[in-house]
Amino acid sequence: RAFCKNGGAGDLTMVDCEFRDTTGGDAGRVGYFEGDSGKTAALGLTNCVFAGARYNNYGQTYCAAYFKNFRRVYMDGALFTENGATINSSTAGSMGVTCFGAEGTPLTVTGCRFVGNNCTAGGGNGGHIRLNGGCSGTVFRNCMWMANIERWVTYDGDGGLSGCLYVNGNFEERSRVDIENCTFAYNICGNKQSAAGITVYRGDVRVKNCIFHCNFISKENVSGADIRVKYDAQDQLGARCTVSYTLFDELSTNAYNAVQGGVLDVDEATCAAADPLFVTPTDEFWAMVNETAPAWPRSTKDRWNVNFKSTAAVREAAQAMNAHLRGGSGYVDEKTGETVKDWTKRRYGNSPAIDAGDPASDYSSEPTP
């Protein structure tokens, strides 16, 4: 591992750190973080990069980062990219590889990006982020999941669950997870029963002021492309997802659905269906997909074969994808701090997502036009 904090009650803060390019068969390839059994320690990660963590073993793991038994993890401005199972392996991670996972740890994740990761599901659960028991109170705010893929490997049955975010709380509590002002776009899920965006197995997930666009699933997948709510008959608390002030490609079961017993409440009075008009247009995503005539929400290919084209150019294009909205007076580039006015309202239209969120939300950090 590149870094390991294994036990201890002291707080830890890391700023501007990079965890890169390791390959192996254990959890937390580039960052293993474990607090104390009393959960008194806090962990802070600011402007850190987790990249190139590759898992090359048979089994189930959290390949880039693993968080366990903290009072809370605070993550701000992090980038997770090109993590996952070894590219083109047919067995690595056949029980499920996750980009990062948390157990017994609530998280506050703000302004983070998850781009171009290559995780797996099969005999076990995957998910680019997997939240297990003890994560109630977790918040994702102003985060982006873009051009990630969850591949299916080696397993013939229905198998594990996955998605950009997979919530798997415990029986003792209905873990609450809030997702606010986040974007899930251009992600692929090769699975039979999971969304490419959010899959809820146990927990109470509340989605507000978010955008789901052009998430793509395998042809036999019975999920909605964006949100899937499951149900565990042994869990009396059940699974729930509530959605408001959110933009989808359609207000239909193509975008979101629930199994019998799972509770999904989409407030269609405040949600809408439209192309969000990202700076990176939809056509550029379709050009990256490994089939002749792809169309949302389902691939013409099964879970074994739905994929991005495996070329250096496609990987570079994934890294360059831009989810800023067209319209208004441009947008602020987070890397340079400069206002970019190449995609203004006058020439390219106005994104329907602009000013469409909850009017009661805090917009004080929004740039002045």
# chains A, B, ... in the order shown; residues from 1 in each chain; ligands from 1
>>> closest_atom_pairs(of="segment 275-320 of chain A", to="segment 225-245 of chain A", cutoff="10 Å", atoms="only C-alpha atoms", output="tab-separated table")
residue	atom	partner	partner_atom	distance
A:Trp296	CA	A:Ala225	CA	8.6
A:Pro297	CA	A:Ala225	CA	6.1
A:Arg298	CA	A:Ala225	CA	7.9
>>> write_last_selection(atoms="all heavy atoms", output="CSV table (one decimal), in the first residue's frame")
chain,number,residue,atom,x,y,z
A,296,TRP,N,-29.8,5.4,-25.3
A,296,TRP,CA,-30.2,5.4,-23.9
A,296,TRP,C,-31.6,4.7,-23.7
A,296,TRP,O,-32.5,4.9,-24.6
A,296,TRP,CB,-30.3,6.8,-23.4
A,296,TRP,CG,-30.6,6.9,-21.9
A,296,TRP,CD1,-29.6,6.8,-20.9
A,296,TRP,CD2,-31.8,7.1,-21.3
A,296,TRP,NE1,-30.3,7.0,-19.7
A,296,TRP,CE2,-31.6,7.1,-19.9
A,296,TRP,CE3,-33.1,7.2,-21.7
A,296,TRP,CZ2,-32.6,7.2,-19.0
A,296,TRP,CZ3,-34.2,7.3,-20.8
A,296,TRP,CH2,-33.9,7.3,-19.5
A,297,PRO,N,-31.8,3.9,-22.7
A,297,PRO,CA,-30.9,3.6,-21.6
A,297,PRO,C,-30.1,2.3,-21.6
A,297,PRO,O,-29.2,2.1,-20.9
A,297,PRO,CB,-31.9,3.6,-20.4
A,297,PRO,CG,-33.1,2.9,-20.9
A,297,PRO,CD,-33.2,3.5,-22.3
A,298,ARG,N,-30.5,1.4,-22.6
A,298,ARG,CA,-29.9,0.1,-22.6
A,298,ARG,C,-29.1,-0.2,-23.8
A,298,ARG,O,-29.4,0.2,-24.9
A,298,ARG,CB,-31.0,-1.0,-22.5
A,298,ARG,CG,-31.6,-1.1,-21.1
A,298,ARG,CD,-32.7,-2.1,-20.9
A,298,ARG,NE,-33.2,-2.2,-19.6
A,298,ARG,CZ,-34.0,-1.3,-19.0
A,298,ARG,NH1,-34.5,-0.3,-19.8
A,298,ARG,NH2,-34.3,-1.4,-17.7
>>> select_by_dssp(residues="segment 180-315 of chain A", states="helix (DSSP H, G or I)", output="JSON, numbers by chain")
{"A": [282, 283, 284, 285, 286, 312, 313, 314, 315]}
>>> write_last_selection(atoms="N, CA, C and O atoms", output="PDB file, in the first residue's frame")
ATOM      1  N   THR A 282     -23.653  15.029 -25.539  1.00  0.00           N
ATOM      2  CA  THR A 282     -23.960  13.603 -25.492  1.00  0.00           C
ATOM      3  C   THR A 282     -23.306  12.833 -26.638  1.00  0.00           C
ATOM      4  O   THR A 282     -22.866  11.699 -26.461  1.00  0.00           O
ATOM      5  N   ASP A 283     -23.213  13.435 -27.804  1.00  0.00           N
ATOM      6  CA  ASP A 283     -22.628  12.742 -28.956  1.00  0.00           C
ATOM      7  C   ASP A 283     -21.195  12.291 -28.685  1.00  0.00           C
ATOM      8  O   ASP A 283     -20.748  11.258 -29.193  1.00  0.00           O
ATOM      9  N   GLU A 284     -20.458  13.060 -27.909  1.00  0.00           N
ATOM     10  CA  GLU A 284     -19.080  12.677 -27.602  1.00  0.00           C
ATOM     11  C   GLU A 284     -19.043  11.428 -26.727  1.00  0.00           C
ATOM     12  O   GLU A 284     -18.134  10.605 -26.847  1.00  0.00           O
ATOM     13  N   PHE A 285     -20.012  11.285 -25.844  1.00  0.00           N
ATOM     14  CA  PHE A 285     -20.086  10.064 -25.041  1.00  0.00           C
ATOM     15  C   PHE A 285     -20.404   8.863 -25.918  1.00  0.00           C
ATOM     16  O   PHE A 285     -19.751   7.822 -25.829  1.00  0.00           O
ATOM     17  N   TRP A 286     -21.412   8.989 -26.787  1.00  0.00           N
ATOM     18  CA  TRP A 286     -21.787   7.854 -27.628  1.00  0.00           C
ATOM     19  C   TRP A 286     -20.621   7.417 -28.506  1.00  0.00           C
ATOM     20  O   TRP A 286     -20.472   6.223 -28.802  1.00  0.00           O
ATOM     21  N   ALA A 312      -6.407   4.557 -26.071  1.00  0.00           N
ATOM     22  CA  ALA A 312      -5.833   5.670 -25.312  1.00  0.00           C
ATOM     23  C   ALA A 312      -6.621   6.945 -25.556  1.00  0.00           C
ATOM     24  O   ALA A 312      -6.805   7.764 -24.639  1.00  0.00           O
ATOM     25  N   ALA A 313      -7.115   7.124 -26.785  1.00  0.00           N
ATOM     26  CA  ALA A 313      -7.873   8.336 -27.107  1.00  0.00           C
ATOM     27  C   ALA A 313      -9.159   8.419 -26.297  1.00  0.00           C
ATOM     28  O   ALA A 313      -9.549   9.504 -25.834  1.00  0.00           O
ATOM     29  N   VAL A 314      -9.835   7.282 -26.117  1.00  0.00           N
ATOM     30  CA  VAL A 314     -11.066   7.271 -25.331  1.00  0.00           C
ATOM     31  C   VAL A 314     -10.770   7.562 -23.865  1.00  0.00           C
ATOM     32  O   VAL A 314     -11.501   8.307 -23.199  1.00  0.00           O
ATOM     33  N   ARG A 315      -9.686   6.998 -23.336  1.00  0.00           N
ATOM     34  CA  ARG A 315      -9.333   7.274 -21.942  1.00  0.00           C
ATOM     35  C   ARG A 315      -9.010   8.753 -21.738  1.00  0.00           C
ATOM     36  O   ARG A 315      -9.381   9.356 -20.730  1.00  0.00           O
TER      37      ARG A 315
END
>>> residues_around(residues="segment 99-111 of chain A", least_positions_apart="6", cutoff="7 Å", atoms="only C-alpha atoms", output="ChimeraX atom specification")
/A:62-77,83-84,119,128-143
>>> select_by_dssp(residues="segment 43-290 of chain A", states="strand (DSSP E or B)", output="ChimeraX atom specification")
/A:43-46,49-55,60-68,72-76,79-81,84-85,96-103,107-110,113-115,118-121,129-131,138-141,144-146,149-152,165-168,176-180,183-185,188-189,198-208,211-213,216-217,227-229,239-244,247-248,256-258,263-266,272-273,278,289
>>> residues_around(residues="Lys192 of chain A", least_positions_apart="6", cutoff="10 Å", atoms="only C-alpha atoms", output="list in words")
Trp152, Gly157, Asp158, Gly159, Gly160, Leu161, Ser162, Ile217, Ser218, Lys219, Glu220, Asn221, Val222, Ser223, Asp302 and Arg303 of chain A
>>> write_last_selection(atoms="C-alpha atoms", output="PDB file, in the first residue's frame")
ATOM      1  CA  TRP A 152     -19.301  -7.785 -15.027  1.00  0.00           C
ATOM      2  CA  GLY A 157     -25.950 -15.803 -11.678  1.00  0.00           C
ATOM      3  CA  ASP A 158     -27.653 -12.550 -10.733  1.00  0.00           C
ATOM      4  CA  GLY A 159     -24.623 -11.751  -8.582  1.00  0.00           C
ATOM      5  CA  GLY A 160     -23.608  -8.617  -6.751  1.00  0.00           C
ATOM      6  CA  LEU A 161     -24.942  -5.074  -6.717  1.00  0.00           C
ATOM      7  CA  SER A 162     -23.137  -2.000  -7.945  1.00  0.00           C
ATOM      8  CA  ILE A 217     -26.881  -0.126 -18.673  1.00  0.00           C
ATOM      9  CA  SER A 218     -26.597  -3.598 -20.190  1.00  0.00           C
ATOM     10  CA  LYS A 219     -29.487  -4.943 -22.245  1.00  0.00           C
ATOM     11  CA  GLU A 220     -30.713  -7.496 -19.653  1.00  0.00           C
ATOM     12  CA  ASN A 221     -30.536  -5.048 -16.755  1.00  0.00           C
ATOM     13  CA  VAL A 222     -33.969  -4.643 -15.137  1.00  0.00           C
ATOM     14  CA  SER A 223     -32.972  -1.497 -13.232  1.00  0.00           C
ATOM     15  CA  ASP A 302     -25.166  -8.002 -22.553  1.00  0.00           C
ATOM     16  CA  ARG A 303     -23.512  -7.372 -19.186  1.00  0.00           C
TER      17      ARG A 303
END
>>> atom_distance(atom1="atom CA of Glu180 of chain A", atom2="atom CA of Cys210 of chain A")
6.2 Å
